[in-house]
Amino acid sequence: MAMLQVAPESVILRDTIRTRAIRLTNPETIKQNNSISVNLVEFDDVSYRLTASAGEPNKLLVSLALPPQEKREPMSKAATELVQREFSSVATMQPPDAGFTVALEIKLDALPMDDDAALNQMINKLASLRSLVMGAPLRTQLELLANGSCKEGPLIAIPHRPGEEFFVKPQEDSVTVIFPMRFKDPSDATISCTFLAEFAEARRQPALTTAPSCSYSKPPPLELRGGPPTALGANGGDVSFVLFK
């Protein structure tokens, strides 16, 4: 059975960073780093703007806009700290223009051009800015869980599609991740209930005993009680994963 796999990195962003960085290594090709202003749109209405000036061939400004929500929030503290930690050696954060969530100015001449493995790793990480920013709150809670400092806290909403969110509920010994499943077509919602129930049951197979605990429920699970409107009333039910240390 063929499966669709969506890579976390933006292919166009990845190739643009690589191409412009390689040009800097040769005096004959530096001049090819001309001025650009490119707008990209990915699935779920995530968009990028790549801008660069011929006068500064060693710089590339990447602006990222996350899916639009009814109330646009600034980038989370967790995401800001994670971006600064991951990219401090090769990029600096800039004030984003209106409509964008984050702007990252990449110093192309700071990339490890003499180490192919390190170069590929950093470029792929830069091209995965979307998943890094969107997943930062979850990643933070998982890191706290791994080092034994996770504490019970309020429900955390993480936007991932236009007008939709998934939720993270931290506990002292676990982190629960809940995905409300919404479908525009009632028929799709009916079919999904059967599929998702089987999906949750699949975890009982011997080969999957070490996988995170998975459950499916038609009414909202207890973790979502008292949550925002986006946490309730999913016509396809809710899928929950519980992760332990």
# chains A, B, ... in the order shown; residues from 1 in each chain; ligands from 1
$ select_by_dssp --residues "range 67-99 of chain A" --states "alpha helix (DSSP H)" --output "number ranges by chain"
A: 77-87
$ write_last_selection --atoms "N, CA, C and O atoms" --output "mmCIF file, in the first residue's frame"
data_model
loop_
_atom_site.group_PDB
_atom_site.id
_atom_site.type_symbol
_atom_site.label_atom_id
_atom_site.label_comp_id
_atom_site.auth_asym_id
_atom_site.auth_seq_id
_atom_site.Cartn_x
_atom_site.Cartn_y
_atom_site.Cartn_z
ATOM 1 N N LYS A 77 6.399 32.072 23.562
ATOM 2 C CA LYS A 77 7.703 32.196 24.194
ATOM 3 C C LYS A 77 8.540 30.954 23.945
ATOM 4 O O LYS A 77 9.747 31.038 23.676
ATOM 5 N N ALA A 78 7.887 29.781 23.982
ATOM 6 C CA ALA A 78 8.598 28.528 23.745
ATOM 7 C C ALA A 78 9.201 28.497 22.344
ATOM 8 O O ALA A 78 10.342 28.067 22.148
ATOM 9 N N ALA A 79 8.430 28.969 21.342
ATOM 10 C CA ALA A 79 8.928 28.977 19.971
ATOM 11 C C ALA A 79 10.084 29.961 19.806
ATOM 12 O O ALA A 79 11.071 29.666 19.136
ATOM 13 N N THR A 80 9.955 31.126 20.420
ATOM 14 C CA THR A 80 11.021 32.129 20.335
ATOM 15 C C THR A 80 12.317 31.595 20.920
ATOM 16 O O THR A 80 13.397 31.709 20.303
ATOM 17 N N GLU A 81 12.225 30.986 22.090
ATOM 18 C CA GLU A 81 13.428 30.437 22.736
ATOM 19 C C GLU A 81 14.022 29.299 21.923
ATOM 20 O O GLU A 81 15.255 29.177 21.813
ATOM 21 N N LEU A 82 13.181 28.472 21.334
ATOM 22 C CA LEU A 82 13.671 27.339 20.555
ATOM 23 C C LEU A 82 14.374 27.810 19.281
ATOM 24 O O LEU A 82 15.452 27.307 18.930
ATOM 25 N N VAL A 83 13.797 28.773 18.585
ATOM 26 C CA VAL A 83 14.417 29.301 17.365
ATOM 27 C C VAL A 83 15.762 29.936 17.685
ATOM 28 O O VAL A 83 16.757 29.723 16.978
ATOM 29 N N GLN A 84 15.817 30.715 18.760
ATOM 30 C CA GLN A 84 17.077 31.346 19.145
ATOM 31 C C GLN A 84 18.132 30.298 19.508
ATOM 32 O O GLN A 84 19.302 30.437 19.150
ATOM 33 N N ARG A 85 17.711 29.252 20.199
ATOM 34 C CA ARG A 85 18.649 28.210 20.615
ATOM 35 C C ARG A 85 19.177 27.416 19.427
ATOM 36 O O ARG A 85 20.370 27.105 19.346
ATOM 37 N N GLU A 86 18.297 27.084 18.491
ATOM 38 C CA GLU A 86 18.684 26.234 17.367
ATOM 39 C C GLU A 86 19.509 26.970 16.325
ATOM 40 O O GLU A 86 20.366 26.362 15.670
ATOM 41 N N PHE A 87 19.270 28.283 16.148
ATOM 42 C CA PHE A 87 19.856 28.984 15.006
ATOM 43 C C PHE A 87 20.775 30.143 15.373
ATOM 44 O O PHE A 87 21.167 30.925 14.504
#
$ residues_around --residues "Pro137 in chain A" --least-positions-apart "2" --cutoff "9 Å" --atoms "only C-alpha atoms" --output "list of chain:residue names"
A:Ser76, A:Lys77, A:Ala78, A:Ala79, A:Val133, A:Met134, A:Gly135, A:Arg139, A:Thr140, A:Gln141, A:Leu142, A:Ile156, A:Ala157, A:Ile158, A:Val168
$ write_last_selection --atoms "all heavy atoms" --output "tab-separated table (two decimals), in the first residue's frame"
chain	number	residue	atom	x	y	z
A	76	SER	N	4.76	32.10	20.33
A	76	SER	CA	4.87	31.72	21.72
A	76	SER	C	6.29	31.90	22.24
A	76	SER	O	7.27	31.89	21.48
A	76	SER	CB	4.45	30.26	21.91
A	76	SER	OG	5.39	29.38	21.30
A	77	LYS	N	6.40	32.07	23.56
A	77	LYS	CA	7.70	32.20	24.19
A	77	LYS	C	8.54	30.95	23.94
A	77	LYS	O	9.75	31.04	23.68
A	77	LYS	CB	7.53	32.43	25.69
A	77	LYS	CG	8.85	32.54	26.45
A	77	LYS	CD	8.62	32.73	27.94
A	77	LYS	CE	9.94	32.78	28.70
A	77	LYS	NZ	9.71	32.91	30.17
A	78	ALA	N	7.89	29.78	23.98
A	78	ALA	CA	8.60	28.53	23.74
A	78	ALA	C	9.20	28.50	22.34
A	78	ALA	O	10.34	28.07	22.15
A	78	ALA	CB	7.65	27.34	23.94
A	79	ALA	N	8.43	28.97	21.34
A	79	ALA	CA	8.93	28.98	19.97
A	79	ALA	C	10.08	29.96	19.81
A	79	ALA	O	11.07	29.67	19.14
A	79	ALA	CB	7.79	29.32	19.01
A	133	VAL	N	8.48	26.00	14.76
A	133	VAL	CA	7.69	27.03	15.41
A	133	VAL	C	6.34	26.48	15.87
A	133	VAL	O	5.91	26.70	17.01
A	133	VAL	CB	7.48	28.23	14.47
A	133	VAL	CG1	6.50	29.23	15.06
A	133	VAL	CG2	8.82	28.92	14.20
A	134	MET	N	5.67	25.72	15.00
A	134	MET	CA	4.35	25.21	15.34
A	134	MET	C	4.41	24.19	16.47
A	134	MET	O	3.52	24.13	17.33
A	134	MET	CB	3.69	24.59	14.10
A	134	MET	CG	3.35	25.57	13.02
A	134	MET	SD	2.56	24.80	11.58
A	134	MET	CE	0.95	24.42	12.23
A	135	GLY	N	5.45	23.37	16.49
A	135	GLY	CA	5.54	22.31	17.48
A	135	GLY	C	6.29	22.66	18.74
A	135	GLY	O	6.43	21.81	19.63
A	139	ARG	N	7.05	20.36	22.03
A	139	ARG	CA	8.44	19.95	22.25
A	139	ARG	C	8.92	20.36	23.64
A	139	ARG	O	9.62	19.60	24.31
A	139	ARG	CB	9.33	20.56	21.17
A	139	ARG	CG	10.80	20.21	21.30
A	139	ARG	CD	11.57	20.63	20.07
A	139	ARG	NE	12.99	20.39	20.21
A	139	ARG	CZ	13.87	20.51	19.22
A	139	ARG	NH1	13.46	20.86	18.01
A	139	ARG	NH2	15.14	20.28	19.43
A	140	THR	N	8.55	21.55	24.07
A	140	THR	CA	8.96	22.02	25.40
A	140	THR	C	8.43	21.10	26.49
A	140	THR	O	9.15	20.72	27.42
A	140	THR	CB	8.45	23.45	25.63
A	140	THR	OG1	9.05	24.33	24.67
A	140	THR	CG2	8.80	23.93	27.03
A	141	GLN	N	7.15	20.71	26.38
A	141	GLN	CA	6.56	19.84	27.39
A	141	GLN	C	7.20	18.45	27.38
A	141	GLN	O	7.41	17.84	28.44
A	141	GLN	CB	5.04	19.72	27.17
A	141	GLN	CG	4.28	21.00	27.40
A	141	GLN	CD	4.49	21.58	28.79
A	141	GLN	OE1	4.53	20.85	29.78
A	141	GLN	NE2	4.64	22.90	28.86
A	142	LEU	N	7.55	17.95	26.20
A	142	LEU	CA	8.19	16.64	26.12
A	142	LEU	C	9.60	16.68	26.70
A	142	LEU	O	10.06	15.71	27.33
A	142	LEU	CB	8.23	16.17	24.66
A	142	LEU	CG	6.87	15.87	24.03
A	142	LEU	CD1	7.04	15.44	22.58
A	142	LEU	CD2	6.12	14.81	24.82
A	156	ILE	N	-3.01	23.41	26.75
A	156	ILE	CA	-2.28	24.26	25.81
A	156	ILE	C	-2.84	24.04	24.42
A	156	ILE	O	-2.90	22.91	23.92
A	156	ILE	CB	-0.77	23.91	25.81
A	156	ILE	CG1	-0.19	24.08	27.21
A	156	ILE	CG2	-0.02	24.78	24.81
A	156	ILE	CD1	1.23	23.55	27.35
A	157	ALA	N	-3.30	25.11	23.78
A	157	ALA	CA	-3.85	25.03	22.43
A	157	ALA	C	-2.76	25.37	21.42
A	157	ALA	O	-2.06	26.38	21.56
A	157	ALA	CB	-5.02	26.00	22.28
A	158	ILE	N	-2.62	24.53	20.38
A	158	ILE	CA	-1.60	24.74	19.36
A	158	ILE	C	-2.27	24.78	17.99
A	158	ILE	O	-2.76	23.76	17.49
A	158	ILE	CB	-0.54	23.62	19.39
A	158	ILE	CG1	0.10	23.53	20.78
A	158	ILE	CG2	0.52	23.85	18.33
A	158	ILE	CD1	1.12	22.43	20.92
A	168	VAL	N	-2.52	20.08	24.14
A	168	VAL	CA	-1.54	19.38	24.95
A	168	VAL	C	-1.90	19.59	26.42
A	168	VAL	O	-2.10	20.73	26.85
A	168	VAL	CB	-0.12	19.90	24.67
A	168	VAL	CG1	0.89	19.24	25.61
A	168	VAL	CG2	0.26	19.65	23.22
$ closest_atom_pairs --of "range 105-213 of chain A" --to "range 17-38 of chain A" --cutoff "7 Å" --atoms "only C-alpha atoms" --output "JSON lines"
{"residue": "A:Leu108", "atom": "CA", "partner": "A:Ala21", "partner_atom": "CA", "distance": 5.2}
{"residue": "A:Asp109", "atom": "CA", "partner": "A:Ala21", "partner_atom": "CA", "distance": 6.7}
{"residue": "A:Ile123", "atom": "CA", "partner": "A:Ile17", "partner_atom": "CA", "distance": 6.9}
$ residues_around --residues "range 217-220 of chain A" --least-positions-apart "5" --cutoff "10 Å" --atoms "only C-alpha atoms" --output "list in words"
Ile178, Pro180, Met181, Cys193, Leu196, Ala197, Ala200, Arg225, Gly227, Ala231, Leu232, Gly233, Ala234, Asn235, Gly236, Gly237, Asp238, Val239 and Ser240 of chain A
$ select_by_dssp --residues "range 36-134 of chain A" --states "strand (DSSP E)" --output "list in words"
Ile36, Ser37, Val38, Asn39, Leu40, Val41, Ser47, Tyr48, Arg49, Leu50, Thr51, Ala52, Lys59, Leu60, Leu61, Val62, Ser63, Leu64, Ala65, Ala91, Thr92, Met93, Gln94, Val102, Ala103, Leu104, Glu105, Ile106 and Lys107 of chain A
$ closest_residue --among "A:His160, A:Arg14, A:Lys107, A:Arg182" --to "Pro57 in chain A" --atoms "only C-alpha atoms"
A:Lys107
$ atom_distance --atom1 "CA of Asp45 in chain A" --atom2 "CA of Val90 in chain A"
27.2 Å
$ decode --residues "range 158-171 of chain A" --atoms "all heavy atoms" --output "JSON list (two decimals), in the first residue's frame"
[["chain", "number", "residue", "atom", "x", "y", "z"],
["A", 158, "ILE", "N", -2.62, 24.53, 20.38],
["A", 158, "ILE", "CA", -1.60, 24.74, 19.36],
["A", 158, "ILE", "C", -2.27, 24.78, 17.99],
["A", 158, "ILE", "O", -2.76, 23.76, 17.49],
["A", 158, "ILE", "CB", -0.54, 23.62, 19.39],
["A", 158, "ILE", "CG1", 0.10, 23.53, 20.78],
["A", 158, "ILE", "CG2", 0.52, 23.85, 18.33],
["A", 158, "ILE", "CD1", 1.12, 22.43, 20.92],
["A", 159, "PRO", "N", -2.34, 25.96, 17.34],
["A", 159, "PRO", "CA", -2.94, 26.04, 16.00],
["A", 159, "PRO", "C", -2.13, 25.24, 14.99],
["A", 159, "PRO", "O", -0.90, 25.29, 14.99],
["A", 159, "PRO", "CB", -2.88, 27.55, 15.69],
["A", 159, "PRO", "CG", -2.69, 28.22, 17.01],
["A", 159, "PRO", "CD", -1.88, 27.27, 17.83],
["A", 160, "HIS", "N", -2.82, 24.50, 14.14],
["A", 160, "HIS", "CA", -2.11, 23.75, 13.11],
["A", 160, "HIS", "C", -2.79, 23.78, 11.75],
["A", 160, "HIS", "O", -2.20, 23.39, 10.75],
["A", 160, "HIS", "CB", -1.91, 22.28, 13.55],
["A", 160, "HIS", "CG", -3.17, 21.47, 13.55],
["A", 160, "HIS", "ND1", -3.41, 20.48, 12.63],
["A", 160, "HIS", "CD2", -4.26, 21.50, 14.37],
["A", 160, "HIS", "CE1", -4.59, 19.92, 12.88],
["A", 160, "HIS", "NE2", -5.12, 20.53, 13.92],
["A", 161, "ARG", "N", -4.02, 24.27, 11.68],
["A", 161, "ARG", "CA", -4.71, 24.47, 10.43],
["A", 161, "ARG", "C", -5.58, 25.71, 10.59],
["A", 161, "ARG", "O", -5.83, 26.14, 11.72],
["A", 161, "ARG", "CB", -5.59, 23.26, 10.07],
["A", 161, "ARG", "CG", -4.83, 21.98, 9.85],
["A", 161, "ARG", "CD", -5.77, 20.84, 9.45],
["A", 161, "ARG", "NE", -6.43, 21.13, 8.18],
["A", 161, "ARG", "CZ", -7.41, 20.38, 7.68],
["A", 161, "ARG", "NH1", -7.88, 19.36, 8.37],
["A", 161, "ARG", "NH2", -7.94, 20.68, 6.52],
["A", 162, "PRO", "N", -6.04, 26.30, 9.47],
["A", 162, "PRO", "CA", -6.90, 27.49, 9.60],
["A", 162, "PRO", "C", -8.11, 27.22, 10.48],
["A", 162, "PRO", "O", -8.94, 26.36, 10.17],
["A", 162, "PRO", "CB", -7.30, 27.79, 8.15],
["A", 162, "PRO", "CG", -6.19, 27.21, 7.33],
["A", 162, "PRO", "CD", -5.75, 25.98, 8.06],
["A", 163, "GLY", "N", -8.20, 27.93, 11.60],
["A", 163, "GLY", "CA", -9.34, 27.78, 12.49],
["A", 163, "GLY", "C", -9.36, 26.50, 13.30],
["A", 163, "GLY", "O", -10.36, 26.21, 13.95],
["A", 164, "GLU", "N", -8.28, 25.71, 13.29],
["A", 164, "GLU", "CA", -8.24, 24.45, 14.03],
["A", 164, "GLU", "C", -7.00, 24.37, 14.91],
["A", 164, "GLU", "O", -5.95, 24.92, 14.57],
["A", 164, "GLU", "CB", -8.27, 23.25, 13.08],
["A", 164, "GLU", "CG", -9.57, 23.11, 12.31],
["A", 164, "GLU", "CD", -9.63, 21.81, 11.53],
["A", 164, "GLU", "OE1", -8.91, 20.85, 11.90],
["A", 164, "GLU", "OE2", -10.40, 21.75, 10.56],
["A", 165, "GLU", "N", -7.13, 23.67, 16.03],
["A", 165, "GLU", "CA", -6.05, 23.52, 16.98],
["A", 165, "GLU", "C", -5.99, 22.08, 17.48],
["A", 165, "GLU", "O", -7.00, 21.37, 17.47],
["A", 165, "GLU", "CB", -6.25, 24.46, 18.18],
["A", 165, "GLU", "CG", -6.29, 25.93, 17.82],
["A", 165, "GLU", "CD", -6.72, 26.81, 18.98],
["A", 165, "GLU", "OE1", -7.65, 26.41, 19.71],
["A", 165, "GLU", "OE2", -6.13, 27.90, 19.15],
["A", 166, "PHE", "N", -4.81, 21.65, 17.92],
["A", 166, "PHE", "CA", -4.75, 20.44, 18.74],
["A", 166, "PHE", "C", -4.28, 20.86, 20.12],
["A", 166, "PHE", "O", -3.86, 22.01, 20.33],
["A", 166, "PHE", "CB", -3.86, 19.36, 18.10],
["A", 166, "PHE", "CG", -2.38, 19.64, 18.10],
["A", 166, "PHE", "CD1", -1.57, 19.19, 19.14],
["A", 166, "PHE", "CD2", -1.78, 20.31, 17.05],
["A", 166, "PHE", "CE1", -0.20, 19.41, 19.14],
["A", 166, "PHE", "CE2", -0.42, 20.54, 17.02],
["A", 166, "PHE", "CZ", 0.38, 20.10, 18.08],
["A", 167, "PHE", "N", -4.38, 19.95, 21.07],
["A", 167, "PHE", "CA", -4.23, 20.36, 22.47],
["A", 167, "PHE", "C", -3.24, 19.46, 23.21],
["A", 167, "PHE", "O", -3.14, 18.26, 22.94],
["A", 167, "PHE", "CB", -5.59, 20.35, 23.16],
["A", 167, "PHE", "CG", -6.57, 21.30, 22.54],
["A", 167, "PHE", "CD1", -7.36, 20.89, 21.47],
["A", 167, "PHE", "CD2", -6.65, 22.61, 22.97],
["A", 167, "PHE", "CE1", -8.23, 21.77, 20.86],
["A", 167, "PHE", "CE2", -7.52, 23.50, 22.36],
["A", 167, "PHE", "CZ", -8.31, 23.09, 21.31],
["A", 168, "VAL", "N", -2.52, 20.08, 24.14],
["A", 168, "VAL", "CA", -1.54, 19.38, 24.95],
["A", 168, "VAL", "C", -1.90, 19.59, 26.42],
["A", 168, "VAL", "O", -2.10, 20.73, 26.85],
["A", 168, "VAL", "CB", -0.12, 19.90, 24.67],
["A", 168, "VAL", "CG1", 0.89, 19.24, 25.61],
["A", 168, "VAL", "CG2", 0.26, 19.65, 23.22],
["A", 169, "LYS", "N", -1.99, 18.50, 27.16],
["A", 169, "LYS", "CA", -2.29, 18.57, 28.60],
["A", 169, "LYS", "C", -1.14, 17.93, 29.37],
["A", 169, "LYS", "O", -0.96, 16.72, 29.38],
["A", 169, "LYS", "CB", -3.59, 17.83, 28.91],
["A", 169, "LYS", "CG", -4.01, 17.95, 30.40],
["A", 169, "LYS", "CD", -4.37, 19.40, 30.73],
["A", 169, "LYS", "CE", -4.99, 19.54, 32.13],
["A", 169, "LYS", "NZ", -3.98, 19.37, 33.21],
["A", 170, "PRO", "N", -0.29, 18.76, 30.02],
["A", 170, "PRO", "CA", 0.82, 18.21, 30.79],
["A", 170, "PRO", "C", 0.39, 17.72, 32.17],
["A", 170, "PRO", "O", -0.45, 18.34, 32.82],
["A", 170, "PRO", "CB", 1.78, 19.41, 30.90],
["A", 170, "PRO", "CG", 0.90, 20.62, 30.82],
["A", 170, "PRO", "CD", -0.27, 20.23, 29.96],
["A", 171, "GLN", "N", 0.96, 16.60, 32.58],
["A", 171, "GLN", "CA", 0.79, 16.07, 33.93],
["A", 171, "GLN", "C", 2.19, 15.82, 34.49],
["A", 171, "GLN", "O", 3.19, 15.95, 33.77],
["A", 171, "GLN", "CB", 0.00, 14.75, 33.90],
["A", 171, "GLN", "CG", -1.38, 14.86, 33.26],
["A", 171, "GLN", "CD", -2.40, 15.52, 34.16],
["A", 171, "GLN", "OE1", -2.17, 15.68, 35.36],
["A", 171, "GLN", "NE2", -3.54, 15.90, 33.60]]
